[in-house]
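Read through the structure below, which is laid out as structure tokens, and then see the notes.
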Amino acid sequence: MSGISESSPPGTGGGQAALEQEAASGGLFIRKSSGLVREMGARDAFSMNIALIAIPAFALVPLFALGAFPGSDLTVPLLIGVVGMAFLALVYAQLTITMPRTGADFVFASRVFHPAVGAVVGFAMLMTFLVLIGANAVAMPHYFFAFTLQAFGEAFHSKGLEHFANVTLQEKLPSFIAAMLTILLASAVLTRGAHVVARWVWWSFIGAAVGIVVFAALLFANGSDFQAGFNSYAGHPDAYHSVIATARHGGFNPGIVWTAVITSLPFVVSNFWGFTMSNYAAGELRRPNKTYLPAALAALVVAAILLLIAWLALRSAAGLHFLQSAAWLINNDSTAYGKVANNAPGFAPFYALLVSHDPVTKILMGIGWAMGYLGWMFAAFLVFSRIAFALAFDRLLPTRLAGVGARSHAPVAAIALTIVGGTVFTVLSIYTSVLTQTRNAFLILSAVFTISSVAAAALPYLRKDLFESGPQLIRARWLGLPAITVIGVISALFNGYVTYLDAAKAQVSGGYDTGSLITLAIICFGGGVCYVVSRLFMKSRGIDLDLAMRELPPE
């Protein structure tokens with residue numbers, strides 16, 4: 001490659017000397033090797049995808065979706081979501097086999113459109129994952145560890161465990177300690193390399209699948225006991241019907257409203273997000289041409305089956321009118337709900353505890369739901385570290401973050417940043433209200449999916465060299481256009497509509513105030529600032545950053 005200076009691969013010490021070499025001619029430098037090793041197989045990719053879907057997050061979706069959009073029902077949005085996300089799987093499959101490098105959306109946008117666009121996308125995803133890591137580190141003790149202890153307390157008839165779950169673990173200091181233990185465990189696993197992370201994630205998925213299957217089986221088999229179980233928990237004989245009556249008295253009429261069903265799509269679609277994200281570690285996938293698409297589609301199908309079964313089981317046992325009324329009251333009149341329901345949680349697994357009559361099913365659910373969410377943390381840490389690595393490799397972040405350990409083949413400095421960033425945002429989540437301004441993570445993620453869909457549609461035209469020289473997912477032409485262009489347009493329309501709902505519906509975005517707008521501006525334009533600063537700095541050293549970022553990163 002003329003005008004490019006190739007350094008030796010990074011070795012021990014992260015290859016920092018190699019990172020600083022420059023070309024005397026052409027003003028362009030790349031490393032010969034990223035230092036990452038392709039050690040992840042098909043199961044590893046599937047494990048990453050299914051973990052980042054965060055199936056256990058379904059525990060909160062009925063409460064949020066039915067409460068935010070009165071009259072909704074999750075069945076149709078789940079089916080629509082599967083179809084829409086299938087097009088996104090094809091989009092990412094083509095982009096990944098064309099550019100099988102670590103960094104995913106950042107690499108795709110910077111190589112198809114412009115380095116500045118890639119910088120904006122990469123930084124936005126970096127910040128969004130930091131926010132999600134902090135928020136979910138707190139969700140672990142508040143919801144999932146608490147549910148585990150609640151389930152164990154009921155299984156062993158221990159009021160102490162139940163009190164610790166429902167009272168002690170909800171306090172700030174115990175919540176922070178539990179969140180930090182989660183971060184430390186995820187960090188320890190992450191330093192062992194991507195393949196080790198994927199193994200931990202695989203067993204986390206197995207635990208989650210067992211927990212959800214037990215959840216659904218209980219509700220289908222013992223659904224007739226639900227009303228009695230709820231009444232017993234609430235402490236009076238007609239609490240179940242009182243919830244519905246109280247909601248009616250407050251002005252809510254249970255039933256299906258189709259506009260609410262459609263506009264609840266962002267909450268439901270968000271439960272599928274993540275099924276493509278093994279592409280963030282695409283530089284560590286063995287045979288990405290054959291690995292990536294089956295892993296993404298398998299994760300999507302498995303998640304869709306589990307989520308649909310879980311929802312239908314919950315709907316069958318509790319009844320749609322009750323679920324809608326409880327969610328509406330919790331969101332609109334929690335005081336009235338507390339009086340008639342004894343503040344019964346709107347947490348989906350809790351409803352299955354009401355019809356569980358043996359300790360084994362309680363324990364399996366308690367362990368399974370928490371394991372699944374813990375798997376999300378492992379996978380999210382890996383994704384964040386690989387985004388930071390990719391940005392540093394292209395010099396948009398300090399190049400030390402692109403150093404790779406000789407033994408673990410993991411970006412050690414990027415992992416350190418992940419630990420520090422996760423800790424900081426966990427503290428912010430618990431002790432301040434700063435992260436209330438980051439409720440637009442849905443908007444950022446759906447917008448990035450839209451941008452990548454457009455990138456796939458434009459790939460045969462804007463980067464004809466890459467498209468024609470590499471493997472093509474579908475070689476046919478549809479409507480006179482390359483098949484991937486048609487697929488990309490359909491995916492862009494679907495995800496663009498979800499982005500519109502995310503932005504336009506206050507129930508999803510939380511509305512906009514000065515703080516949220518400032519936060520959004522930082523997330524959206526911080527990458528542009530990094531790009532301008534880096535470009536000017538590299539130009540002063542005789543390096544053309546735009547030309548360097550036009551090339552694919554090396555293996």
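Naming scheme: A, B, ... for chains in displayed order of the structure tokens; residues 1 onward per chain; ligands 1 onward as shown.
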From a DSSP pass on the backbone, collect the residues of range 206-420 of chain A flagged as alpha helix (DSSP H) and hand them back as JSON, numbers by chain.
{"A": [206, 207, 208, 209, 210, 211, 212, 213, 214, 215, 216, 217, 218, 219, 220, 221, 226, 227, 228, 229, 230, 231, 232, 233, 234, 239, 240, 241, 242, 243, 244, 245, 246, 247, 248, 249, 258, 259, 260, 261, 262, 263, 265, 266, 267, 268, 269, 288, 289, 290, 291, 292, 293, 294, 295, 296, 297, 298, 299, 300, 301, 302, 303, 304, 305, 306, 307, 308, 309, 310, 311, 312, 313, 314, 315, 316, 317, 318, 320, 321, 322, 323, 324, 325, 326, 327, 328, 329, 330, 331, 332, 334, 335, 336, 337, 338, 339, 340, 341, 348, 349, 350, 351, 352, 353, 359, 360, 361, 362, 363, 364, 365, 366, 367, 368, 369, 370, 371, 372, 373, 374, 375, 376, 377, 378, 379, 380, 381, 382, 383, 384, 385, 386, 387, 388, 389, 390, 391, 392, 393, 412, 413, 414, 415, 416, 417, 418, 419, 420]}
Which residues come within 9 Å of range 139-147 of chain A, counting only C-alpha atoms, excluding same-chain residues fewer than 2 positions away, as an MDAnalysis selection string?
chainID A and resid 56 134:137 149:152 162 164:166 169:171 174:176 178:179 182 347 349:350 365:367 369:371 373:374
Would you tabulate, counting only C-alpha atoms, all residues of range 270-381 of chain A that have an atom at most 9 Å from an atom of range 230-246 of chain A, showing the closest pair of atoms and their distance in Å to one decimal, sorted by chain then ascending number, as a Markdown table?
| residue | atom | partner | partner_atom | distance |
| --- | --- | --- | --- | --- |
| A:His321 | CA | A:Ile244 | CA | 7.0 |
| A:Phe322 | CA | A:Ile244 | CA | 5.8 |
| A:Leu323 | CA | A:Ile244 | CA | 8.9 |
| A:Gln324 | CA | A:Ile244 | CA | 8.5 |
| A:Ser325 | CA | A:Ile244 | CA | 5.4 |
| A:Ala326 | CA | A:Val243 | CA | 6.3 |
| A:Leu329 | CA | A:Val243 | CA | 8.0 |
| A:Ala336 | CA | A:Thr246 | CA | 7.5 |
| A:Tyr337 | CA | A:Val243 | CA | 6.9 |
| A:Gly338 | CA | A:Ala234 | CA | 9.0 |
| A:Lys339 | CA | A:Ala234 | CA | 8.7 |
| A:Val340 | CA | A:Ala239 | CA | 5.8 |
| A:Ala341 | CA | A:Ala234 | CA | 4.7 |
| A:Asn342 | CA | A:Ala234 | CA | 4.8 |
| A:Asn343 | CA | A:Ala234 | CA | 7.8 |
| A:Ala344 | CA | A:Ala234 | CA | 7.0 |
| A:Tyr351 | CA | A:Phe230 | CA | 8.0 |
| A:Leu354 | CA | A:Phe230 | CA | 6.4 |
| A:Val355 | CA | A:Phe230 | CA | 8.8 |
Prev. selection, C-alpha atoms, output as a CSV table (one decimal), in the first residue's frame:
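Generated output (selection-v9.csv):
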chain,number,residue,atom,x,y,z
A,321,HIS,CA,-57.2,-5.9,31.9
A,322,PHE,CA,-55.5,-6.5,35.3
A,323,LEU,CA,-52.0,-5.9,33.8
A,324,GLN,CA,-53.1,-2.7,32.1
A,325,SER,CA,-54.9,-1.4,35.2
A,326,ALA,CA,-52.0,-2.2,37.5
A,329,LEU,CA,-52.2,2.9,38.6
A,336,ALA,CA,-54.4,4.4,45.3
A,337,TYR,CA,-52.6,1.3,44.0
A,338,GLY,CA,-50.7,0.9,47.3
A,339,LYS,CA,-53.9,0.9,49.2
A,340,VAL,CA,-55.6,-1.8,47.2
A,341,ALA,CA,-52.6,-3.9,46.3
A,342,ASN,CA,-50.3,-3.5,49.3
A,343,ASN,CA,-47.7,-2.0,46.8
A,344,ALA,CA,-47.3,-5.3,45.0
A,351,TYR,CA,-46.4,-12.5,39.5
A,354,LEU,CA,-47.6,-15.7,43.5
A,355,VAL,CA,-48.5,-19.0,41.8
Rank A:Ile363, A:Ile80, A:Ala295, A:Ala483 by their smallest atom-to-atom distance to Leu308 in chain A, using only C-alpha atoms, and report the top residue only.
A:Ile80
Nearest residue to Ala318 in chain A from the set A:Ile97, A:Pro62, A:Val268, A:Asp105 (distances using only C-alpha atoms):
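Result for the nearest residue to Ala318 in chain A: A:Pro62.
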Residue nearest Ala304 in chain A among A:Ser452, A:Leu517, A:Ala198, A:Asn271 (counting only C-alpha atoms):
A:Asn271
Two-atom distance - CA of Leu88 in chain A, CA of Ser516 in chain A (Å)
28.2 Å
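Between Gly103 in chain A and the residues A:Gly251, A:Pro345, A:Gly526, A:Gly283, the shortest atom-to-atom distance, using only C-alpha atoms, involves A:Gly283.
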Test item: residues at most 9 Å from Leu300 in chain A, only C-alpha atoms, excluding those fewer than 2 positions along its chain, as a list of chain:residue names:
A:Asn49, A:Ile50, A:Ile53, A:Val82, A:Met85, A:Ala86, A:Ala89, A:Phe272, A:Phe275, A:Thr276, A:Ala295, A:Ala296, A:Leu297, A:Ala298, A:Val302, A:Ala303, A:Ala304, A:Ile305
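Considering only C-alpha atoms, the residue among A:Ile430, A:Val91, A:Val37, A:Ala548 positioned nearest to Ile487 in chain A is A:Val91.
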Any idea what's packed within 12 Å of Met127 in chain A, counting only C-alpha atoms, ignoring anything in its chain fewer than 3 positions away? Could you give it as number ranges by chain?
A: 120-124, 130-134, 383-385, 387-388, 418, 421-422, 425, 435, 438, 440-441, 444-445, 519-527
Generate a file of the selected residues that holds N, CA and C atoms, formatted as an mmCIF file, in the first residue's frame.
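Generated output (again18.cif):
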data_model
loop_
_atom_site.group_PDB
_atom_site.id
_atom_site.type_symbol
_atom_site.label_atom_id
_atom_site.label_comp_id
_atom_site.auth_asym_id
_atom_site.auth_seq_id
_atom_site.Cartn_x
_atom_site.Cartn_y
_atom_site.Cartn_z
ATOM 1 N N VAL A 120 -18.890 10.799 15.170
ATOM 2 C CA VAL A 120 -20.140 11.128 15.872
ATOM 3 C C VAL A 120 -20.838 9.853 16.334
ATOM 4 N N VAL A 121 -20.950 8.871 15.432
ATOM 5 C CA VAL A 121 -21.623 7.614 15.757
ATOM 6 C C VAL A 121 -20.856 6.863 16.845
ATOM 7 N N GLY A 122 -19.529 6.764 16.699
ATOM 8 C CA GLY A 122 -18.726 6.025 17.664
ATOM 9 C C GLY A 122 -18.787 6.626 19.053
ATOM 10 N N PHE A 123 -18.661 7.953 19.141
ATOM 11 C CA PHE A 123 -18.699 8.608 20.447
ATOM 12 C C PHE A 123 -20.086 8.480 21.065
ATOM 13 N N ALA A 124 -21.131 8.605 20.242
ATOM 14 C CA ALA A 124 -22.498 8.471 20.753
ATOM 15 C C ALA A 124 -22.725 7.089 21.345
ATOM 16 N N LEU A 130 -21.854 3.737 28.276
ATOM 17 C CA LEU A 130 -21.478 4.145 29.634
ATOM 18 C C LEU A 130 -22.716 4.399 30.480
ATOM 19 N N VAL A 131 -23.679 5.103 29.903
ATOM 20 C CA VAL A 131 -24.920 5.395 30.602
ATOM 21 C C VAL A 131 -25.648 4.096 30.950
ATOM 22 N N LEU A 132 -25.739 3.199 29.973
ATOM 23 C CA LEU A 132 -26.455 1.944 30.195
ATOM 24 C C LEU A 132 -25.760 1.070 31.232
ATOM 25 N N ILE A 133 -24.427 1.066 31.222
ATOM 26 C CA ILE A 133 -23.691 0.293 32.219
ATOM 27 C C ILE A 133 -23.980 0.819 33.618
ATOM 28 N N GLY A 134 -23.925 2.147 33.771
ATOM 29 C CA GLY A 134 -24.214 2.732 35.073
ATOM 30 C C GLY A 134 -25.632 2.453 35.531
ATOM 31 N N VAL A 383 -18.341 -4.745 24.858
ATOM 32 C CA VAL A 383 -18.695 -3.843 23.761
ATOM 33 C C VAL A 383 -18.097 -2.457 23.991
ATOM 34 N N PHE A 384 -18.250 -1.914 25.197
ATOM 35 C CA PHE A 384 -17.708 -0.583 25.476
ATOM 36 C C PHE A 384 -16.201 -0.552 25.248
ATOM 37 N N SER A 385 -15.498 -1.576 25.750
ATOM 38 C CA SER A 385 -14.033 -1.583 25.606
ATOM 39 C C SER A 385 -13.634 -1.657 24.133
ATOM 40 N N ILE A 387 -15.427 -0.475 21.531
ATOM 41 C CA ILE A 387 -15.680 0.831 20.911
ATOM 42 C C ILE A 387 -14.522 1.773 21.226
ATOM 43 N N ALA A 388 -14.117 1.809 22.498
ATOM 44 C CA ALA A 388 -12.996 2.668 22.891
ATOM 45 C C ALA A 388 -11.729 2.273 22.142
ATOM 46 N N THR A 418 -13.127 1.209 30.864
ATOM 47 C CA THR A 418 -14.456 0.659 31.084
ATOM 48 C C THR A 418 -14.762 0.566 32.574
ATOM 49 N N GLY A 421 -15.040 4.203 33.964
ATOM 50 C CA GLY A 421 -16.272 4.824 33.487
ATOM 51 C C GLY A 421 -17.508 4.186 34.081
ATOM 52 N N GLY A 422 -17.526 2.845 34.163
ATOM 53 C CA GLY A 422 -18.672 2.159 34.756
ATOM 54 C C GLY A 422 -18.868 2.540 36.208
ATOM 55 N N PHE A 425 -20.236 6.246 36.430
ATOM 56 C CA PHE A 425 -21.639 6.372 36.063
ATOM 57 C C PHE A 425 -22.553 5.605 37.015
ATOM 58 N N LEU A 435 -28.137 11.263 35.749
ATOM 59 C CA LEU A 435 -28.519 10.313 34.714
ATOM 60 C C LEU A 435 -30.003 10.344 34.373
ATOM 61 N N THR A 438 -30.334 11.278 30.830
ATOM 62 C CA THR A 438 -29.873 10.364 29.788
ATOM 63 C C THR A 438 -30.959 9.378 29.393
ATOM 64 N N ASN A 440 -32.766 9.387 27.007
ATOM 65 C CA ASN A 440 -32.935 9.275 25.554
ATOM 66 C C ASN A 440 -31.982 8.268 24.922
ATOM 67 N N ALA A 441 -31.530 7.287 25.720
ATOM 68 C CA ALA A 441 -30.683 6.234 25.154
ATOM 69 C C ALA A 441 -31.408 5.499 24.039
ATOM 70 N N ILE A 444 -30.873 7.453 20.837
ATOM 71 C CA ILE A 444 -29.530 7.320 20.276
ATOM 72 C C ILE A 444 -29.368 5.979 19.578
ATOM 73 N N LEU A 445 -29.765 4.907 20.237
ATOM 74 C CA LEU A 445 -29.572 3.575 19.670
ATOM 75 C C LEU A 445 -30.372 3.386 18.387
ATOM 76 N N THR A 519 -27.393 17.145 27.506
ATOM 77 C CA THR A 519 -26.851 15.782 27.493
ATOM 78 C C THR A 519 -26.878 15.197 26.093
ATOM 79 N N LEU A 520 -28.002 15.366 25.406
ATOM 80 C CA LEU A 520 -28.110 14.872 24.038
ATOM 81 C C LEU A 520 -27.082 15.535 23.127
ATOM 82 N N ALA A 521 -26.875 16.829 23.306
ATOM 83 C CA ALA A 521 -25.909 17.554 22.475
ATOM 84 C C ALA A 521 -24.499 17.022 22.691
ATOM 85 N N ILE A 522 -24.143 16.739 23.959
ATOM 86 C CA ILE A 522 -22.817 16.205 24.258
ATOM 87 C C ILE A 522 -22.643 14.837 23.610
ATOM 88 N N ILE A 523 -23.663 13.986 23.748
ATOM 89 C CA ILE A 523 -23.579 12.634 23.194
ATOM 90 C C ILE A 523 -23.494 12.678 21.670
ATOM 91 N N CYS A 524 -24.296 13.551 21.061
ATOM 92 C CA CYS A 524 -24.386 13.578 19.599
ATOM 93 C C CYS A 524 -23.215 14.288 18.934
ATOM 94 N N PHE A 525 -22.674 15.308 19.587
ATOM 95 C CA PHE A 525 -21.655 16.119 18.920
ATOM 96 C C PHE A 525 -20.274 16.010 19.550
ATOM 97 N N GLY A 526 -20.179 15.273 20.651
ATOM 98 C CA GLY A 526 -18.866 15.098 21.273
ATOM 99 C C GLY A 526 -17.881 14.444 20.330
ATOM 100 N N GLY A 527 -18.374 13.477 19.538
ATOM 101 C CA GLY A 527 -17.510 12.807 18.576
ATOM 102 C C GLY A 527 -16.993 13.758 17.517
#
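Pairwise distance (CA of Leu314 in chain A, CA of Leu265 in chain A) equals 18.7 Å.
Look at Ile419 in chain A: the protein and nucleic acid residues within 12 Å of it, using only C-alpha atoms and passing over chain neighbours fewer than 6 places away, are Leu130, Ile133, Gly134, Ala137, Met180, Leu181, Thr182, Ile183, Leu184, Leu185, Ala186, Ser187, Ala188, Val189, Leu190, Thr191, Met377, Phe378, Ala380, Phe381, Leu382, Phe384, Ser385, Val412, Ala413, Phe425 and Thr426 of chain A.
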Tell me which of A:Ala476, A:Val107, A:Leu285, A:Leu493 sits closest to Ala119 in chain A, counting only C-alpha atoms.
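That would be A:Val107, the residue with the smallest distance to Ala119 in chain A.
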